[in-house]
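Peer 1: Sending over structure-v7.cif (mmCIF, C-alpha atoms).
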```cif
data_my_file
#
loop_
_atom_site.label_atom_id
_atom_site.label_comp_id
_atom_site.auth_asym_id
_atom_site.auth_seq_id
_atom_site.Cartn_x
_atom_site.Cartn_y
_atom_site.Cartn_z
CA MET A 19 55.46 265.62 -173.37
CA ALA A 20 58.53 265.21 -171.18
CA THR A 21 59.90 262.52 -168.88
CA PHE A 22 63.00 262.62 -166.71
CA GLN A 23 65.51 260.20 -165.23
CA GLN A 24 67.90 260.91 -162.37
CA LEU A 25 71.41 260.26 -163.71
CA THR A 26 73.26 261.49 -160.62
CA ASP A 27 72.54 262.91 -157.19
CA ALA A 28 71.03 266.41 -157.36
CA THR A 29 74.09 267.82 -155.57
CA VAL A 30 76.43 266.37 -158.23
CA GLY A 31 74.88 267.33 -161.57
CA VAL A 32 75.73 266.38 -165.15
CA SER A 33 78.16 268.44 -167.22
CA ALA A 34 77.53 266.76 -170.61
CA HIS A 35 75.82 263.83 -172.32
CA ALA A 36 75.45 262.16 -175.72
CA TRP A 37 73.42 259.32 -177.27
CA SER A 38 74.68 256.21 -179.02
CA PRO A 39 73.74 255.88 -182.72
CA ASP A 40 70.97 253.36 -181.93
CA GLY A 41 69.75 255.26 -178.87
CA ASN A 42 70.24 252.27 -176.56
CA GLU A 43 73.10 253.81 -174.59
CA ILE A 44 73.82 257.20 -173.08
CA ALA A 45 77.26 258.60 -172.33
CA PHE A 46 77.46 261.26 -169.65
CA ALA A 47 79.88 262.98 -167.28
CA PRO A 48 78.71 263.28 -163.64
CA ASN A 49 80.35 266.69 -163.29
CA SER A 50 83.75 265.05 -162.93
CA ASN A 51 86.59 263.45 -164.90
CA GLU A 52 84.58 260.23 -165.33
CA LEU A 53 82.85 259.23 -168.55
CA ARG A 54 79.98 256.82 -167.87
CA ILE A 55 78.31 254.78 -170.58
CA ALA A 56 75.00 253.40 -169.36
CA ASP A 57 71.95 251.54 -170.59
CA ALA A 58 69.47 254.17 -171.77
CA LYS A 59 66.47 252.47 -170.10
CA THR A 60 67.82 251.10 -166.83
CA LEU A 61 70.73 253.56 -166.42
CA GLU A 62 72.90 250.62 -165.38
CA THR A 63 76.55 251.63 -165.88
CA ARG A 64 78.22 249.45 -168.52
CA HIS A 65 81.54 251.29 -168.71
CA SER A 66 83.30 253.77 -166.42
CA LEU A 67 86.17 255.54 -168.17
CA LYS A 68 88.54 257.79 -166.22
CA GLU A 69 91.27 258.74 -168.66
CA HIS A 70 90.73 262.47 -168.08
CA ASP A 71 92.27 264.20 -165.05
CA MET A 72 89.74 267.02 -164.68
CA LEU A 73 86.06 267.76 -165.34
CA ILE A 74 84.73 266.62 -168.72
CA SER A 75 83.19 269.65 -170.40
CA ALA A 76 81.75 268.10 -173.59
CA ILE A 77 80.90 264.75 -175.20
CA ASP A 78 79.96 264.03 -178.81
CA TRP A 79 79.04 260.57 -180.17
CA HIS A 80 79.20 260.34 -183.96
CA PRO A 81 76.05 258.73 -185.41
CA THR A 82 77.77 256.61 -188.08
CA SER A 83 81.38 255.99 -187.05
CA ASN A 84 80.39 255.12 -183.44
CA TYR A 85 83.40 257.11 -182.18
CA ILE A 86 83.04 259.20 -179.01
CA VAL A 87 85.06 262.36 -178.53
CA THR A 88 85.43 263.95 -175.09
CA CYS A 89 87.27 267.06 -173.94
CA ALA A 90 87.99 268.34 -170.46
CA HIS A 91 89.44 271.11 -168.35
CA ASP A 92 92.71 269.13 -168.26
CA ARG A 93 93.42 270.53 -171.79
CA ASN A 94 93.05 267.09 -173.35
CA ALA A 95 90.68 265.33 -175.71
CA PHE A 96 90.22 261.61 -176.33
CA VAL A 97 88.61 259.69 -179.16
CA TRP A 98 87.03 256.50 -177.83
CA SER A 99 86.48 253.43 -180.03
CA PHE A 100 84.78 250.20 -178.98
CA ASP A 101 86.87 247.03 -179.20
CA GLU A 102 84.44 244.23 -180.11
CA GLY A 103 86.96 241.53 -179.13
CA GLU A 104 87.67 242.85 -175.63
CA LYS A 105 84.21 244.42 -175.20
CA LYS A 106 85.57 247.68 -173.88
CA TRP A 107 86.15 251.27 -174.94
CA LYS A 108 89.71 252.31 -175.76
CA PRO A 109 91.04 255.89 -175.95
CA SER A 110 93.13 257.31 -178.79
CA LEU A 111 95.61 260.10 -178.22
CA VAL A 112 94.72 263.59 -179.52
CA ILE A 113 97.42 266.24 -179.91
CA LEU A 114 95.54 269.45 -179.06
CA ARG A 115 98.49 271.76 -178.26
CA ILE A 116 96.45 274.12 -176.04
CA GLU A 117 97.46 275.72 -172.73
CA ARG A 118 94.01 276.30 -171.25
CA ALA A 119 90.86 274.27 -170.61
CA ALA A 120 88.94 272.62 -173.47
CA LEU A 121 85.29 273.73 -173.32
CA ASP A 122 83.39 272.13 -176.21
CA CYS A 123 83.93 269.50 -178.91
CA ARG A 124 81.94 268.53 -182.00
CA TRP A 125 82.28 265.98 -184.79
CA SER A 126 81.90 267.16 -188.36
CA ARG A 127 78.95 265.53 -190.10
CA ASP A 128 81.17 263.25 -192.23
CA GLY A 129 83.09 262.07 -189.13
CA GLN A 130 86.50 262.85 -190.63
CA LYS A 131 87.27 265.70 -188.21
CA PHE A 132 86.26 267.19 -184.92
CA ALA A 133 86.86 270.64 -183.44
CA VAL A 134 87.57 271.67 -179.85
CA ALA A 135 86.73 275.04 -178.30
CA SER A 136 89.22 276.24 -175.72
CA SER A 137 90.02 278.96 -173.21
CA ALA A 138 93.31 279.44 -175.07
CA LYS A 139 91.59 281.69 -177.67
CA CYS A 140 91.96 279.04 -180.35
CA VAL A 141 90.18 276.08 -181.93
CA PRO A 142 92.11 272.89 -182.76
CA VAL A 143 90.52 271.10 -185.73
CA CYS A 144 91.59 267.48 -185.44
CA TYR A 145 91.89 264.67 -187.97
CA TYR A 146 93.29 261.14 -187.89
CA GLU A 147 96.83 260.44 -189.05
CA SER A 148 97.00 256.71 -189.74
CA ASP A 149 100.81 256.58 -190.12
CA ASN A 150 101.31 257.55 -186.47
CA ASN A 151 97.98 256.21 -185.13
CA TRP A 152 96.96 259.45 -183.47
CA TRP A 153 94.77 262.49 -184.00
CA VAL A 154 96.61 265.66 -184.97
CA SER A 155 95.29 269.21 -185.12
CA LYS A 156 95.45 272.38 -187.17
CA MET A 157 94.82 275.57 -185.23
CA ILE A 158 92.31 278.38 -185.83
CA LYS A 159 93.70 281.35 -183.86
CA LYS A 160 91.70 284.46 -184.77
CA HIS A 161 89.79 284.90 -181.49
CA LYS A 162 90.45 287.57 -178.88
CA SER A 163 89.10 285.62 -175.90
CA SER A 164 87.91 282.15 -174.85
CA VAL A 165 85.98 280.13 -177.41
CA LEU A 166 82.84 278.82 -175.70
CA SER A 167 80.96 276.90 -178.39
CA LEU A 168 81.16 275.30 -181.83
CA ALA A 169 78.90 274.23 -184.67
CA TRP A 170 79.78 272.51 -187.95
CA HIS A 171 78.07 273.39 -191.19
CA PRO A 172 76.57 270.24 -192.83
CA CYS A 173 79.26 270.45 -195.55
CA SER A 174 81.91 269.61 -192.89
CA THR A 175 84.34 272.25 -194.18
CA VAL A 176 82.85 275.35 -192.50
CA LEU A 177 82.92 275.90 -188.73
CA ALA A 178 81.05 278.47 -186.61
CA THR A 179 82.36 279.53 -183.19
CA GLY A 180 81.00 281.55 -180.28
CA SER A 181 83.45 283.50 -178.13
CA SER A 182 83.52 285.59 -174.96
CA ASP A 183 84.85 288.47 -177.07
CA PHE A 184 81.19 289.12 -178.06
CA ARG A 185 81.62 287.63 -181.53
CA CYS A 186 80.19 284.76 -183.53
CA ARG A 187 82.56 283.87 -186.34
CA VAL A 188 82.47 281.51 -189.30
CA PHE A 189 85.75 279.94 -190.46
CA SER A 190 87.00 277.83 -193.31
CA ALA A 191 87.90 274.41 -191.86
CA HIS A 192 88.88 272.74 -195.12
CA ILE A 193 91.96 270.52 -194.70
CA ASP A 194 93.84 269.36 -197.79
CA GLY A 195 94.29 265.62 -197.83
CA VAL A 196 91.19 265.07 -195.71
CA ASP A 197 88.39 266.95 -197.46
CA GLY A 198 89.46 266.58 -201.10
CA ALA A 199 89.11 269.44 -203.56
CA GLN A 200 87.82 272.63 -201.97
CA GLN A 201 84.47 273.95 -203.15
CA ALA A 202 82.56 277.10 -202.31
CA VAL A 203 79.69 276.59 -199.86
CA ALA A 204 76.41 278.43 -200.33
CA GLY A 205 76.77 281.85 -198.73
CA TYR A 206 80.53 281.54 -198.12
CA GLU A 207 83.62 282.04 -200.27
CA ALA A 208 86.20 279.29 -200.73
CA LYS A 209 89.13 280.37 -198.54
CA PRO A 210 92.18 278.64 -197.02
CA PHE A 211 91.95 276.91 -193.64
CA GLY A 212 91.50 279.26 -190.70
CA GLU A 213 90.32 282.27 -192.70
CA VAL A 214 87.25 284.17 -191.44
CA LEU A 215 84.25 283.78 -193.75
CA ALA A 216 81.81 285.86 -191.69
CA GLU A 217 81.69 287.68 -188.36
CA PHE A 218 78.70 288.83 -186.29
CA VAL A 219 78.58 291.07 -183.21
CA CYS A 220 76.64 290.04 -180.10
CA GLY A 221 75.70 292.06 -177.00
CA GLY A 222 77.40 289.58 -174.67
CA TRP A 223 79.41 286.39 -174.52
CA VAL A 224 78.29 283.99 -177.24
CA HIS A 225 77.37 280.89 -175.25
CA ALA A 226 75.99 278.73 -178.06
CA VAL A 227 75.96 278.42 -181.84
CA ALA A 228 73.98 276.06 -184.09
CA TYR A 229 73.37 275.44 -187.79
CA SER A 230 70.03 274.37 -189.21
CA PRO A 231 69.97 270.90 -190.86
CA SER A 232 70.46 272.38 -194.35
CA GLY A 233 73.03 274.93 -193.19
CA SER A 234 70.96 277.82 -194.52
CA SER A 235 70.51 279.37 -191.05
CA LEU A 236 73.00 280.01 -188.26
CA ALA A 237 71.83 280.83 -184.73
CA PHE A 238 73.82 282.12 -181.78
CA ALA A 239 72.84 282.93 -178.19
CA GLY A 240 74.36 285.76 -176.13
CA HIS A 241 74.73 286.46 -172.43
CA ASP A 242 72.63 289.59 -172.96
CA ALA A 243 69.57 287.27 -173.04
CA SER A 244 69.22 287.34 -176.82
CA ILE A 245 69.42 284.97 -179.75
CA SER A 246 70.26 285.93 -183.30
CA VAL A 247 69.50 283.97 -186.46
CA VAL A 248 71.46 284.63 -189.65
CA THR A 249 69.81 283.64 -192.95
CA ASN A 250 71.26 284.68 -196.31
CA GLY A 251 73.45 287.23 -194.57
CA GLN A 252 70.51 288.90 -192.81
CA VAL A 253 70.62 288.93 -188.99
CA GLN A 254 67.45 288.84 -186.90
CA THR A 255 67.86 289.33 -183.13
CA ILE A 256 65.26 288.33 -180.55
CA LYS A 257 65.33 289.59 -176.97
CA LEU A 258 64.37 286.80 -174.60
CA PRO A 259 61.69 286.80 -171.89
CA CYS A 260 64.02 284.74 -169.70
CA LEU A 261 67.59 284.35 -168.47
CA PRO A 262 70.39 283.76 -171.03
CA LEU A 263 70.48 280.57 -173.08
CA THR A 264 73.64 278.44 -173.14
CA GLN A 265 72.51 275.68 -175.53
CA LEU A 266 70.90 275.76 -179.00
CA LEU A 267 69.54 273.05 -181.29
CA PHE A 268 67.63 273.20 -184.58
CA LEU A 269 64.93 270.54 -184.80
CA ASP A 270 64.26 271.47 -188.42
CA GLU A 271 64.42 274.52 -190.66
CA ALA A 272 61.57 276.26 -188.81
CA LYS A 273 62.01 275.14 -185.18
CA LEU A 274 64.82 276.09 -182.82
CA ILE A 275 65.25 274.99 -179.20
CA GLY A 276 67.20 276.98 -176.63
CA ALA A 277 67.96 276.15 -173.00
CA GLY A 278 70.12 277.56 -170.23
CA HIS A 279 69.94 279.39 -166.93
CA ASP A 280 66.12 279.36 -166.69
CA ALA A 281 66.07 275.52 -166.55
CA ASN A 282 63.17 275.55 -169.01
CA PRO A 283 63.70 274.92 -172.76
CA ALA A 284 62.31 277.60 -175.05
CA LEU A 285 60.86 276.98 -178.50
CA PHE A 286 61.42 279.48 -181.32
CA ALA A 287 59.50 279.11 -184.57
CA LYS A 288 59.66 280.70 -187.99
CA SER A 289 56.75 281.71 -190.20
CA ASN A 290 57.81 284.89 -191.97
CA GLU A 291 60.32 285.73 -189.23
CA TRP A 292 61.75 283.97 -186.21
CA ALA A 293 59.89 284.55 -182.94
CA PHE A 294 59.69 283.15 -179.44
CA SER A 295 56.87 280.59 -179.32
CA LYS A 296 56.66 279.15 -175.79
CA PHE A 297 58.43 277.49 -172.89
CA LEU A 298 58.14 273.73 -173.19
CA ASP A 299 57.84 273.04 -169.47
CA GLU A 300 54.49 274.55 -168.53
CA LYS A 301 52.87 274.73 -165.11
CA LYS A 302 49.65 272.79 -164.86
CA GLU A 303 46.52 274.83 -164.13
CA ALA A 304 45.77 272.80 -161.03
CA GLU A 305 49.14 273.83 -159.61
CA THR A 306 48.65 277.53 -160.34
CA LYS A 307 47.42 279.39 -157.27
CA ALA A 308 47.66 283.08 -156.59
CA ALA A 309 50.10 283.88 -153.80
CA SER A 310 49.05 286.32 -151.11
CA GLY A 311 50.43 288.04 -148.04
CA VAL A 312 53.99 287.20 -147.02
CA ALA A 313 54.33 284.56 -149.79
CA ALA A 314 53.45 287.12 -152.47
CA LYS A 315 55.98 289.65 -151.16
CA MET A 316 58.69 287.01 -150.94
CA ALA A 317 57.99 285.89 -154.51
CA MET A 318 58.13 289.49 -155.71
CA TRP A 319 61.59 290.06 -154.21
CA GLN A 320 62.83 286.72 -155.55
CA ALA A 321 61.66 287.72 -159.03
CA LYS A 322 63.33 291.12 -158.75
CA ASP A 323 66.57 289.52 -157.63
CA LYS A 324 66.46 287.00 -160.49
CA THR A 325 65.32 289.11 -163.42
CA GLY A 326 65.33 292.73 -162.22
CA SER A 327 61.54 292.87 -162.49
CA ALA A 328 58.58 291.99 -160.30
CA ALA A 329 56.92 290.36 -163.34
CA GLY A 330 56.28 286.70 -162.81
CA ALA A 331 56.41 287.03 -159.03
CA SER A 332 53.14 285.11 -158.77
CA ALA A 333 54.90 282.04 -160.16
CA GLY A 334 56.15 281.20 -156.65
CA SER A 335 57.76 277.78 -156.32
CA THR A 336 59.57 276.20 -159.28
CA ALA A 337 59.11 272.64 -157.99
CA TRP A 338 56.83 271.89 -160.97
CA LYS A 339 59.74 272.24 -163.42
CA LYS A 340 61.35 269.11 -164.83
CA HIS A 341 64.77 270.68 -164.23
CA GLN A 342 65.73 272.30 -160.94
CA GLY A 343 69.01 273.77 -162.15
CA PRO A 344 70.58 275.40 -165.23
CA VAL A 345 70.68 273.23 -168.35
CA THR A 346 74.25 272.21 -169.21
CA CYS A 347 73.74 270.12 -172.37
CA LEU A 348 71.17 269.80 -175.16
CA LYS A 349 71.22 266.92 -177.67
CA LYS A 350 68.98 265.58 -180.40
CA SER A 351 67.43 262.18 -179.68
CA ALA A 352 65.31 259.65 -181.56
CA ALA A 353 61.98 261.02 -180.31
CA GLY A 354 62.93 264.69 -180.08
CA PHE A 355 65.70 266.03 -177.89
CA SER A 356 67.16 265.64 -174.42
CA THR A 357 68.63 267.95 -171.78
CA THR A 358 70.85 267.43 -168.76
CA ALA A 359 71.40 269.94 -165.99
CA CYS A 360 73.06 270.81 -162.69
CA ASP A 361 70.28 268.91 -160.88
CA GLY A 362 71.56 265.56 -162.17
CA ARG A 363 68.47 264.93 -164.30
CA MET A 364 68.18 263.92 -167.91
CA VAL A 365 64.88 264.99 -169.49
CA LYS A 366 63.55 263.60 -172.76
CA TRP A 367 61.33 266.05 -174.66
CA ALA A 368 58.95 265.10 -177.46
CA LEU A 369 57.17 267.78 -179.52
#
```
Using structure tokens, write down the structure from this file.
Peer 2:
Amino acid sequence: MATFQQLTDATVGVSAHAWSPDGNEIAFAPNSNELRIADAKTLETRHSLKEHDMLISAIDWHPTSNYIVTCAHDRNAFVWSFDEGEKKWKPSLVILRIERAALDCRWSRDGQKFAVASSAKCVPVCYYESDNNWWVSKMIKKHKSSVLSLAWHPCSTVLATGSSDFRCRVFSAHIDGVDGAQQAVAGYEAKPFGEVLAEFVCGGWVHAVAYSPSGSSLAFAGHDASISVVTNGQVQTIKLPCLPLTQLLFLDEAKLIGAGHDANPALFAKSNEWAFSKFLDEKKEAETKAASGVAAKMAMWQAKDKTGSAAGASAGSTAWKKHQGPVTCLKKSAAGFSTTACDGRMVKWAL
């Protein structure tokens, strides 16, 4: 079951979104430098925050600390905290020290740190320095191209990255003085901050990475229309029956959601091995009619242009889809998960 709400005009789109810990508010960026915090039911804007100078590329709202972190193409990141006395959100300065756009940001599970992916071939891992009242960063620099995505291991000291150098890497993100005594994590050695713990090759840019809730599985999606799942050091790669995925999310240890250029979330499930299960947005039988004549030929050429194959040409119009543009953000929600896209819609999915 899926329902959608129109967050912005279809010509504007939504670049990122995140849910408040209680699910009563949604923070989103209407494809601009503005961060809007709105009522989740009525979508009435409660706060409009414009501290960034350029498009906000990612938002993450920590479920226990209630802090929001945002990053943008202006090379900056802000940590937002709510002032109960003044009833407004206030930004805290983050020292990123990057020279290119920030593309993704994620809180660690314990809320002590967050990481920022950047076009500067590096990943600042940030933590709070109370003496100076700002967030400082330590840099992970062992990428050969832009870092597109991030995922924290549940232990909060291991970080996975996806890069446009066709690599998914796993790094030690343990910071002395923040994380306490370093301990080995299952499947990874205990190494100093910034050292590579594992590296996996992909057939294209690595658009998305995600850890399962226990951290036993790591998934990454490539621009070659594939996803790979690593479990106990063993890599299983699945070629997709759709366009490339740009977002990944584990619902549990045996269910993985992917979404991207096809505007239709895909479900992957594990029994003995991981396999594609189905697309979640399905066309109703009453709406399925065989195209003929000029319409059939037009659909065939559209399908060839889109996927390089005439397969699926009978699908015709895509007006039945909940999303009418590529999915830009995928987040877990109270009832399942939610997606936002270039069409300005936010869709809530329940499995």
Peer 1: Applied to the shown file, which residues does the PyMOL selection byres ((chain A and resi 136-148) around 8) return, written as a ChimeraX atom specification?
Peer 2: /A:112,114-122,130-135,149-166,191,196
Peer 1: What's the separation between atom CA of A:Phe268 and atom CA of A:Leu298, in Å to one decimal place?
Peer 2: 14.8 Å
Peer 1: List every residue of stretch 81-157 of chain A that has an atom at most 10 Å from any atom of stretch 51-59 of chain A, and for each one report the closest atom pair and its distance in Å to one decimal, counting all atoms listed in the file, with rows sorted by chain and then by increasing residue number, as a Markdown table.
Peer 2:
```
| residue | atom | partner | partner_atom | distance |
| --- | --- | --- | --- | --- |
| A:Thr88 | CA | A:Leu53 | CA | 8.5 |
| A:Cys89 | CA | A:Asn51 | CA | 9.8 |
| A:Ala90 | CA | A:Asn51 | CA | 7.5 |
| A:His91 | CA | A:Asn51 | CA | 8.9 |
| A:Asp92 | CA | A:Asn51 | CA | 9.0 |
| A:Trp107 | CA | A:Ile55 | CA | 9.6 |
```
Peer 1: On this structure, which residues satisfy the PyMOL selection byres ((chain A and resi 283) around 10), written as a ChimeraX atom specification?
Peer 2: /A:263,265-266,275-282,284-286,296-299,341,345,348,357,367
Peer 1: Evaluating the PyMOL selection byres ((chain A and resi 224) around 6) on the displayed file yields which residues, as an mmCIF file with C-alpha atoms, keeping the file's coordinate frame?
Peer 2:
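So the final result, stored in out-v5.cif, reads:
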```cif
data_model
loop_
_atom_site.group_PDB
_atom_site.id
_atom_site.type_symbol
_atom_site.label_atom_id
_atom_site.label_comp_id
_atom_site.auth_asym_id
_atom_site.auth_seq_id
_atom_site.Cartn_x
_atom_site.Cartn_y
_atom_site.Cartn_z
ATOM 1 C CA GLY A 180 81.000 281.550 -180.280
ATOM 2 C CA SER A 181 83.450 283.500 -178.130
ATOM 3 C CA SER A 182 83.520 285.590 -174.960
ATOM 4 C CA PHE A 184 81.190 289.120 -178.060
ATOM 5 C CA TRP A 223 79.410 286.390 -174.520
ATOM 6 C CA HIS A 225 77.370 280.890 -175.250
ATOM 7 C CA ALA A 226 75.990 278.730 -178.060
ATOM 8 C CA ALA A 239 72.840 282.930 -178.190
ATOM 9 C CA GLY A 240 74.360 285.760 -176.130
#
```
Peer 1: How many Å lie between atom CA of A:Asp270 and atom CA of A:Ser232, rounded to one decimal?
Peer 2: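 Atom-to-atom, atom CA of A:Asp270 and atom CA of A:Ser232 are spaced 8.6 Å apart.
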Peer 1: With distances taken over all atoms listed in the file, which of A:Lys209, A:His70, A:His80, A:Lys273 is nearest to A:Ala95?
Peer 2: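 The answer is A:His70, which sits nearest to A:Ala95.
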Peer 1: Within 12 Å of (81.6, 292.4, -187.1), in the coordinates the file gives, what residues turn up when you count all atoms listed in the file, written out as a PyMOL selection string?
Peer 2: chain A and resi 183-188+214-221+253
Peer 1: Between atom CA of A:Ser126 and atom CA of A:Asp78, what is the distance, to one decimal in Å?
Peer 2: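 Straight-line distance from atom CA of A:Ser126 to atom CA of A:Asp78 works out to 10.2 Å.
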